[in-house]
file query16.cif (mmCIF, C-alpha atoms)
data_coords
loop_
_atom_site.group_PDB
_atom_site.id
_atom_site.type_symbol
_atom_site.label_atom_id
_atom_site.label_comp_id
_atom_site.auth_asym_id
_atom_site.auth_seq_id
_atom_site.Cartn_x
_atom_site.Cartn_y
_atom_site.Cartn_z
ATOM 1 C CA MET A 1 6.444 15.718 6.180
ATOM 2 C CA ASP A 2 9.039 14.698 3.614
ATOM 3 C CA SER A 3 8.558 11.081 2.623
ATOM 4 C CA GLY A 4 12.001 10.881 1.094
ATOM 5 C CA SER A 5 12.947 10.357 -2.525
ATOM 6 C CA HIS A 6 12.190 6.648 -2.784
ATOM 7 C CA ASN A 7 10.759 6.667 -6.285
ATOM 8 C CA SER A 8 11.966 3.093 -6.643
ATOM 9 C CA ILE A 9 9.525 1.794 -4.046
ATOM 10 C CA SER A 10 6.704 -0.331 -5.423
ATOM 11 C CA PRO A 11 3.113 -0.176 -4.148
ATOM 12 C CA THR A 12 3.585 -3.685 -2.714
ATOM 13 C CA GLU A 13 6.639 -2.568 -0.743
ATOM 14 C CA GLU A 14 4.671 0.437 0.517
ATOM 15 C CA ASN A 15 1.862 -1.878 1.639
ATOM 16 C CA TYR A 16 4.369 -3.947 3.621
ATOM 17 C CA LEU A 17 5.656 -0.842 5.398
ATOM 18 C CA LYS A 18 2.074 0.090 6.311
ATOM 19 C CA ALA A 19 1.388 -3.451 7.565
ATOM 20 C CA ILE A 20 4.527 -3.435 9.741
ATOM 21 C CA PHE A 21 3.534 -0.033 11.147
ATOM 22 C CA LYS A 22 0.060 -1.358 11.980
ATOM 23 C CA ILE A 23 1.359 -4.535 13.671
ATOM 24 C CA THR A 24 3.946 -2.698 15.742
ATOM 25 C CA ALA A 25 1.741 0.386 16.245
ATOM 26 C CA GLY A 26 4.801 2.294 15.105
ATOM 27 C CA ALA A 27 7.174 0.731 17.629
ATOM 28 C CA GLY A 28 8.324 -2.750 18.631
ATOM 29 C CA LEU A 29 8.838 -5.795 16.413
ATOM 30 C CA ALA A 30 6.649 -7.549 13.835
ATOM 31 C CA SER A 31 7.155 -11.281 13.308
ATOM 32 C CA THR A 32 7.244 -12.849 9.843
ATOM 33 C CA ASN A 33 4.041 -14.766 10.617
ATOM 34 C CA ALA A 34 2.210 -11.643 11.798
ATOM 35 C CA ILE A 35 3.190 -9.825 8.593
ATOM 36 C CA ALA A 36 2.136 -12.830 6.480
ATOM 37 C CA GLN A 37 -1.265 -12.846 8.195
ATOM 38 C CA GLU A 38 -1.757 -9.097 7.759
ATOM 39 C CA MET A 39 -0.717 -9.213 4.088
ATOM 40 C CA GLU A 40 -2.574 -12.497 3.440
ATOM 41 C CA THR A 41 0.515 -14.073 1.928
ATOM 42 C CA SER A 42 3.031 -16.822 2.726
ATOM 43 C CA PRO A 43 5.896 -16.488 5.240
ATOM 44 C CA ALA A 44 8.281 -17.268 2.344
ATOM 45 C CA SER A 45 7.032 -14.213 0.414
ATOM 46 C CA VAL A 46 7.426 -12.098 3.556
ATOM 47 C CA SER A 47 11.031 -13.296 3.991
ATOM 48 C CA ASP A 48 11.840 -12.187 0.435
ATOM 49 C CA MET A 49 10.265 -8.791 1.027
ATOM 50 C CA ILE A 50 12.113 -8.356 4.338
ATOM 51 C CA LYS A 51 15.402 -8.755 2.437
ATOM 52 C CA ARG A 52 14.331 -6.156 -0.157
ATOM 53 C CA LEU A 53 13.195 -3.624 2.438
ATOM 54 C CA SER A 54 16.351 -4.203 4.512
ATOM 55 C CA ARG A 55 18.510 -3.451 1.466
ATOM 56 C CA LYS A 56 16.641 -0.165 1.063
ATOM 57 C CA HIS A 57 17.250 0.646 4.767
ATOM 58 C CA LEU A 58 13.512 0.898 5.444
ATOM 59 C CA ILE A 59 13.411 -1.841 8.089
ATOM 60 C CA ASP A 60 15.759 -3.403 10.626
ATOM 61 C CA TYR A 61 15.659 -7.186 10.887
ATOM 62 C CA GLU A 62 16.530 -9.079 14.067
ATOM 63 C CA LYS A 63 16.947 -12.774 13.397
ATOM 64 C CA TRP A 64 14.356 -14.965 15.192
ATOM 65 C CA LYS A 65 12.698 -11.837 16.617
ATOM 66 C CA GLY A 66 11.202 -9.805 13.807
ATOM 67 C CA VAL A 67 11.406 -6.487 12.022
ATOM 68 C CA SER A 68 10.996 -2.845 12.956
ATOM 69 C CA LEU A 69 10.779 0.245 10.762
ATOM 70 C CA THR A 70 13.788 2.513 10.418
ATOM 71 C CA LYS A 71 13.170 6.257 10.784
ATOM 72 C CA GLU A 72 12.846 6.507 6.996
ATOM 73 C CA GLY A 73 10.530 3.487 6.830
ATOM 74 C CA ARG A 74 8.350 4.945 9.556
ATOM 75 C CA ILE A 75 8.069 8.313 7.770
ATOM 76 C CA LEU A 76 7.041 6.521 4.563
ATOM 77 C CA ALA A 77 4.442 4.401 6.379
ATOM 78 C CA ILE A 78 2.904 7.446 8.094
ATOM 79 C CA THR A 79 2.838 9.332 4.785
ATOM 80 C CA LEU A 80 0.894 6.456 3.221
ATOM 81 C CA ILE A 81 -1.545 6.340 6.142
ATOM 82 C CA ARG A 82 -2.057 10.113 5.848
ATOM 83 C CA ARG A 83 -2.808 9.846 2.116
ATOM 84 C CA HIS A 84 -5.103 6.838 2.575
ATOM 85 C CA ARG A 85 -7.204 8.410 5.302
ATOM 86 C CA LEU A 86 -7.501 11.778 3.569
ATOM 87 C CA TRP A 87 -8.684 10.039 0.399
ATOM 88 C CA GLU A 88 -11.273 8.149 2.469
ATOM 89 C CA VAL A 89 -12.614 11.451 3.843
ATOM 90 C CA PHE A 90 -12.784 12.842 0.292
ATOM 91 C CA LEU A 91 -14.595 9.768 -1.050
ATOM 92 C CA VAL A 92 -17.197 9.768 1.742
ATOM 93 C CA GLU A 93 -17.740 13.530 2.201
ATOM 94 C CA LYS A 94 -17.380 14.805 -1.363
ATOM 95 C CA LEU A 95 -18.238 11.817 -3.584
ATOM 96 C CA HIS A 96 -20.809 10.296 -1.187
ATOM 97 C CA PHE A 97 -19.389 6.789 -1.074
ATOM 98 C CA ALA A 98 -20.500 4.666 1.887
ATOM 99 C CA TRP A 99 -17.864 4.046 4.582
ATOM 100 C CA ASP A 100 -17.759 0.348 3.652
ATOM 101 C CA GLU A 101 -16.893 1.157 0.010
ATOM 102 C CA VAL A 102 -13.855 3.392 0.325
ATOM 103 C CA HIS A 103 -11.004 1.261 1.650
ATOM 104 C CA GLU A 104 -10.016 -0.433 -1.601
ATOM 105 C CA ILE A 105 -10.309 2.758 -3.669
ATOM 106 C CA ALA A 106 -8.165 4.627 -1.125
ATOM 107 C CA GLU A 107 -5.651 1.740 -1.292
ATOM 108 C CA GLN A 108 -5.143 2.624 -4.962
ATOM 109 C CA LEU A 109 -5.131 6.405 -4.504
ATOM 110 C CA GLU A 110 -2.632 6.363 -1.610
ATOM 111 C CA HIS A 111 0.172 5.386 -3.999
ATOM 112 C CA ILE A 112 -0.052 8.714 -5.873
ATOM 113 C CA ALA A 113 3.094 10.326 -4.516
ATOM 114 C CA SER A 114 2.427 14.043 -5.108
ATOM 115 C CA GLU A 115 3.001 15.952 -1.856
ATOM 116 C CA LYS A 116 1.349 19.046 -3.344
ATOM 117 C CA LEU A 117 -1.801 17.067 -4.182
ATOM 118 C CA ILE A 118 -2.105 15.751 -0.617
ATOM 119 C CA GLU A 119 -1.545 19.178 0.962
ATOM 120 C CA ARG A 120 -4.206 20.671 -1.351
ATOM 121 C CA LEU A 121 -6.558 17.783 -0.534
ATOM 122 C CA ASP A 122 -6.015 18.301 3.212
ATOM 123 C CA GLU A 123 -6.750 22.025 2.857
ATOM 124 C CA PHE A 124 -9.810 21.383 0.650
ATOM 125 C CA LEU A 125 -11.252 19.013 3.271
ATOM 126 C CA GLY A 126 -10.655 21.491 6.115
ATOM 127 C CA THR A 127 -7.719 19.627 7.695
ATOM 128 C CA PRO A 128 -9.729 16.715 9.134
ATOM 129 C CA LYS A 129 -8.340 14.992 12.222
ATOM 130 C CA PHE A 130 -10.163 11.657 11.762
ATOM 131 C CA ASP A 131 -11.238 9.565 8.787
ATOM 132 C CA PRO A 132 -14.776 8.169 8.160
ATOM 133 C CA HIS A 133 -13.982 5.139 10.366
ATOM 134 C CA GLY A 134 -12.785 7.304 13.245
ATOM 135 C CA ASP A 135 -9.089 6.571 12.648
ATOM 136 C CA PRO A 136 -6.732 9.506 13.330
ATOM 137 C CA ILE A 137 -5.203 11.225 10.304
ATOM 138 C CA PRO A 138 -1.545 12.178 10.848
ATOM 139 C CA ASP A 139 -0.820 15.829 10.042
ATOM 140 C CA ALA A 140 1.893 17.028 7.651
ATOM 141 C CA GLU A 141 4.457 16.533 10.458
ATOM 142 C CA GLY A 142 3.327 12.940 10.995
ATOM 143 C CA ILE A 143 1.600 13.628 14.324
ATOM 144 C CA PHE A 144 -1.596 11.659 14.962
ATOM 145 C CA ALA A 145 -4.572 13.349 16.610
ATOM 146 C CA LYS A 146 -5.384 11.901 20.045
ATOM 147 C CA ARG A 147 -8.635 11.636 21.972
ATOM 148 C CA LYS A 148 -9.939 9.725 24.954
ATOM 149 C CA GLN A 149 -11.735 6.634 23.741
ATOM 150 C CA VAL A 150 -12.482 3.168 25.090
ATOM 151 C CA LEU A 151 -14.002 0.053 23.613
ATOM 152 C CA LEU A 152 -17.763 -0.183 24.088
ATOM 153 C CA SER A 153 -17.109 -3.439 25.974
ATOM 154 C CA GLU A 154 -15.365 -1.364 28.688
ATOM 155 C CA LEU A 155 -18.500 0.633 29.554
ATOM 156 C CA ASN A 156 -20.493 -0.377 32.609
ATOM 157 C CA ALA A 157 -24.251 -0.733 32.849
ATOM 158 C CA LEU A 158 -26.058 2.635 32.737
ATOM 159 C CA GLU A 159 -23.041 4.420 31.235
ATOM 160 C CA THR A 160 -23.505 6.478 28.066
ATOM 161 C CA GLY A 161 -21.088 6.758 25.160
ATOM 162 C CA VAL A 162 -20.774 8.301 21.698
ATOM 163 C CA ILE A 163 -19.474 6.076 18.895
ATOM 164 C CA VAL A 164 -16.233 7.598 17.603
ATOM 165 C CA GLY A 165 -14.543 4.754 15.733
ATOM 166 C CA VAL A 166 -14.403 1.143 14.656
ATOM 167 C CA HIS A 167 -11.734 -1.419 15.461
ATOM 168 C CA GLU A 168 -12.628 -3.571 12.453
ATOM 169 C CA HIS A 169 -12.983 -2.325 8.889
ATOM 170 C CA SER A 170 -14.503 -5.330 7.131
ATOM 171 C CA THR A 171 -17.350 -4.584 4.718
ATOM 172 C CA ALA A 172 -19.651 -7.037 6.530
ATOM 173 C CA PHE A 173 -19.071 -5.340 9.902
ATOM 174 C CA LEU A 174 -19.557 -1.805 8.564
ATOM 175 C CA GLN A 175 -22.754 -2.810 6.747
ATOM 176 C CA TYR A 176 -24.019 -4.461 9.950
ATOM 177 C CA LEU A 177 -23.356 -1.230 11.885
ATOM 178 C CA ASP A 178 -25.208 0.786 9.232
ATOM 179 C CA ARG A 179 -28.238 -1.491 9.492
ATOM 180 C CA MET A 180 -28.268 -1.112 13.275
ATOM 181 C CA ASP A 181 -27.743 2.696 13.140
ATOM 182 C CA LEU A 182 -24.482 2.234 15.026
ATOM 183 C CA VAL A 183 -22.692 4.955 13.075
ATOM 184 C CA LEU A 184 -20.127 7.552 14.139
ATOM 185 C CA GLY A 185 -21.761 10.145 16.361
ATOM 186 C CA ALA A 186 -24.521 7.810 17.567
ATOM 187 C CA VAL A 187 -25.197 8.141 21.306
ATOM 188 C CA LEU A 188 -25.986 4.967 23.194
ATOM 189 C CA LYS A 189 -26.658 3.956 26.764
ATOM 190 C CA VAL A 190 -25.733 0.536 28.156
ATOM 191 C CA GLN A 191 -28.891 -0.824 29.805
ATOM 192 C CA GLU A 192 -27.680 -4.250 30.831
ATOM 193 C CA ILE A 193 -24.640 -6.520 30.475
ATOM 194 C CA PHE A 194 -25.308 -10.250 30.336
ATOM 195 C CA GLU A 195 -22.862 -12.213 32.453
ATOM 196 C CA TYR A 196 -23.284 -15.391 30.407
ATOM 197 C CA ASP A 197 -21.569 -14.239 27.228
ATOM 198 C CA GLY A 198 -20.660 -10.581 27.778
ATOM 199 C CA SER A 199 -23.354 -9.375 25.373
ATOM 200 C CA MET A 200 -25.073 -6.110 26.232
ATOM 201 C CA ARG A 201 -28.428 -4.467 25.746
ATOM 202 C CA ILE A 202 -28.108 -0.856 24.671
ATOM 203 C CA GLU A 203 -30.541 1.915 23.891
ATOM 204 C CA LEU A 204 -29.980 4.505 21.160
ATOM 205 C CA GLU A 205 -31.204 8.105 21.364
ATOM 206 C CA ASN A 206 -34.258 7.250 19.261
ATOM 207 C CA LYS A 207 -35.166 4.707 21.986
ATOM 208 C CA THR A 208 -34.272 1.710 19.769
ATOM 209 C CA SER A 209 -33.158 -1.154 21.988
ATOM 210 C CA LEU A 210 -30.491 -3.556 20.659
ATOM 211 C CA VAL A 211 -28.650 -6.557 22.039
ATOM 212 C CA LEU A 212 -25.015 -6.526 20.891
ATOM 213 C CA SER A 213 -22.673 -9.490 21.032
ATOM 214 C CA SER A 214 -19.397 -9.123 22.911
ATOM 215 C CA LYS A 215 -17.658 -9.346 19.514
ATOM 216 C CA VAL A 216 -19.450 -6.190 18.360
ATOM 217 C CA SER A 217 -18.813 -4.298 21.605
ATOM 218 C CA GLN A 218 -15.098 -5.185 21.374
ATOM 219 C CA HIS A 219 -14.888 -3.607 17.895
ATOM 220 C CA LEU A 220 -16.527 -0.238 18.592
ATOM 221 C CA PHE A 221 -14.733 2.756 20.111
ATOM 222 C CA VAL A 222 -16.762 5.183 22.200
ATOM 223 C CA GLN A 223 -16.159 8.331 24.211
ATOM 224 C CA ARG A 224 -17.699 8.191 27.647
ATOM 225 C CA GLN A 225 -20.367 10.811 28.250
ATOM 226 C CA LYS A 226 -20.895 12.429 31.616
ATOM 227 C CA PRO A 227 -24.347 11.607 33.030
#

call {"tool": "encode", "arguments": {"input": "query16.cif", "output": "structure tokens"}}
result
Amino acid sequence: MDSGSHNSISPTEENYLKAIFKITAGAGLASTNAIAQEMETSPASVSDMIKRLSRKHLIDYEKWKGVSLTKEGRILAITLIRRHRLWEVFLVEKLHFAWDEVHEIAEQLEHIASEKLIERLDEFLGTPKFDPHGDPIPDAEGIFAKRKQVLLSELNALETGVIVGVHEHSTAFLQYLDRMDLVLGAVLKVQEIFEYDGSMRIELENKTSLVLSSKVSQHLFVQRQKP
């Protein structure tokens, strides 16, 4: 996927494109406030950046409504996501970093713009479809892998699921999951759902029983298993 010849784009501008893609899930509009929250900056800074990205024809701005990515902006955002997620796979699988350590390093590596490097990296890793957090890696054409997944909170009592991804990437959350053995590939069965607060008691394959808060179950993706 050709990411264009925008050598004049700064890492900060690239990060904004990625943030807008995330907020809009690739389509729709992102408000100034939503972008400010995602980028942890002020709405005034976002307004300045919107002007810069508009001048480069990477976003379309609708007054009072928000911004959307142009075709070129979307291609750039997907290219960045592809690089980021491939680097995360490399860091975890080949350099043995923990999944809670790789995000910030991959944030730096994703700005290396060599297409050849990324294609070699993809090949070296065996063309992975998902990163260490279970997020889909777009292929060279920008197509994201798809799979059937639901939030753990959507399972009913006595249903079984395999953990395939996380909805939150904070270090604290990932470390919590590690401590509880709630890692990708873990099989769990919902034993009971507590009406009071939506928490659930689950059992892992090793017969460990855990009570998970509704917050946790709303941030874990699982694939339903047939009984």

call {"tool": "residues_around", "arguments": {"input": "query16.cif", "residues": "Pro138 of chain A", "least_positions_apart": "3", "cutoff": "12 Å", "atoms": "all atoms listed in the file", "output": "JSON, numbers by chain"}}
result
{"A": [1, 75, 77, 78, 79, 80, 81, 82, 83, 84, 85, 86, 122, 127, 128, 129, 130, 131, 135, 141, 142, 143, 144, 145, 146]}

call {"tool": "resolve_selection", "arguments": {"input": "query16.cif", "expression": "the PyMOL selection byres ((chain A and resi 206) around 12)", "output": "PyMOL selection string"}}
result
chain A and resi 180-182+186-189+202-205+207-210

call {"tool": "closest_residue", "arguments": {"input": "query16.cif", "among": "A:Lys116, A:Lys226, A:His169, A:Lys56", "to": "Pro132 of chain A", "atoms": "only C-alpha atoms"}}
result
A:His169

call {"tool": "residues_around", "arguments": {"input": "query16.cif", "residues": "Glu168 of chain A", "least_positions_apart": "3", "cutoff": "9 Å", "atoms": "only C-alpha atoms", "output": "count of residues only"}}
result
4

call {"tool": "residues_around", "arguments": {"input": "query16.cif", "residues": "Gln223 of chain A", "least_positions_apart": "2", "cutoff": "12 Å", "atoms": "all atoms listed in the file", "output": "MDAnalysis selection string"}}
result
chainID A and resid 134 147:155 159:165 184:189 220:221 225:226

call {"tool": "atom_distance", "arguments": {"input": "query16.cif", "atom1": "atom CA of Phe21 of chain A", "atom2": "atom CA of Ser114 of chain A"}}
result
21.5 Å

call {"tool": "resolve_selection", "arguments": {"input": "query16.cif", "expression": "the PyMOL selection byres ((chain A and resi 98-109) around 6)", "output": "count of residues only"}}
result
9

call {"tool": "closest_residue", "arguments": {"input": "query16.cif", "among": "A:Glu13, A:Gln175, A:Gly73, A:Ala27", "to": "Ser45 of chain A", "atoms": "all atoms listed in the file"}}
result
A:Glu13

call {"tool": "resolve_selection", "arguments": {"input": "query16.cif", "expression": "the PyMOL selection byres ((chain A and resi 9) around 12)", "output": "count of residues only"}}
result
27

call {"tool": "residues_near_point", "arguments": {"input": "query16.cif", "point": "(17.7, -12.7, 10.7)", "cutoff": "12 Å", "atoms": "all atoms listed in the file", "output": "list in words"}}
result
Ser31, Thr32, Ser47, Asp48, Ile50, Lys51, Ser54, Ile59, Asp60, Tyr61, Glu62, Lys63, Trp64, Lys65, Gly66 and Val67 of chain A

call {"tool": "closest_residue", "arguments": {"input": "query16.cif", "among": "A:Leu69, A:Arg224, A:Asn33, A:Thr41", "to": "Ile20 of chain A", "atoms": "only C-alpha atoms"}}
result
A:Leu69

call {"tool": "atom_distance", "arguments": {"input": "query16.cif", "atom1": "atom CA of Ser217 of chain A", "atom2": "atom CA of Pro136 of chain A"}}
result
20.1 Å

call {"tool": "residues_around", "arguments": {"input": "query16.cif", "residues": "Ser213 of chain A", "least_positions_apart": "2", "cutoff": "9 Å", "atoms": "only C-alpha atoms", "output": "number ranges by chain"}}
result
A: 197-201, 211, 215-218

call {"tool": "atom_distance", "arguments": {"input": "query16.cif", "atom1": "atom CA of Leu158 of chain A", "atom2": "atom CA of Glu192 of chain A"}}
result
7.3 Å

call {"tool": "closest_residue", "arguments": {"input": "query16.cif", "among": "A:Ser214, A:Asn156, A:Ser68, A:Ser170", "to": "Ala30 of chain A", "atoms": "all atoms listed in the file"}}
result
A:Ser68

call {"tool": "axis_aligned_box", "arguments": {"input": "query16.cif", "around": "segment 159-174 of chain A", "padding_each_side": "3 Å", "output": "AutoDock Vina command-line options"}}
result
--center_x -17.6 --center_y 0.6 --center_z 18.0 --size_x 17.8 --size_y 21.3 --size_z 32.5

call {"tool": "closest_residue", "arguments": {"input": "query16.cif", "among": "A:Thr24, A:Ala19, A:Pro227, A:Gly126", "to": "Met39 of chain A", "atoms": "only C-alpha atoms"}}
result
A:Ala19

call {"tool": "decode", "arguments": {"input": "query16.cif", "residues": "segment 64-89 of chain A", "atoms": "C-alpha atoms", "output": "compact mmCIF listing (two decimals), in the first residue's frame"}}
result
# COMPACT_ATOMS: atom_id res chain seq x y z
CA TRP A 64 -19.23 22.79 14.00
CA LYS A 65 -19.29 19.08 13.08
CA GLY A 66 -15.76 17.75 13.00
CA VAL A 67 -13.13 16.25 10.74
CA SER A 68 -12.82 13.16 8.57
CA LEU A 69 -9.80 11.70 6.80
CA THR A 70 -9.40 12.18 3.07
CA LYS A 71 -8.49 9.10 1.02
CA GLU A 72 -4.82 10.08 1.31
CA GLY A 73 -5.11 10.73 5.05
CA ARG A 74 -6.78 7.37 5.55
CA ILE A 75 -4.04 5.53 3.62
CA LEU A 76 -1.38 7.25 5.76
CA ALA A 77 -3.20 6.39 9.00
CA ILE A 78 -3.57 2.72 8.03
CA THR A 79 0.10 2.57 7.01
CA LEU A 80 1.08 3.86 10.45
CA ILE A 81 -1.19 1.34 12.19
CA ARG A 82 0.32 -1.46 10.08
CA ARG A 83 3.87 -0.42 11.02
CA HIS A 84 2.99 0.01 14.70
CA ARG A 85 1.34 -3.37 15.07
CA LEU A 86 4.04 -5.24 13.15
CA TRP A 87 6.70 -3.68 15.37
CA GLU A 88 4.72 -4.77 18.44
CA VAL A 89 4.70 -8.37 17.17
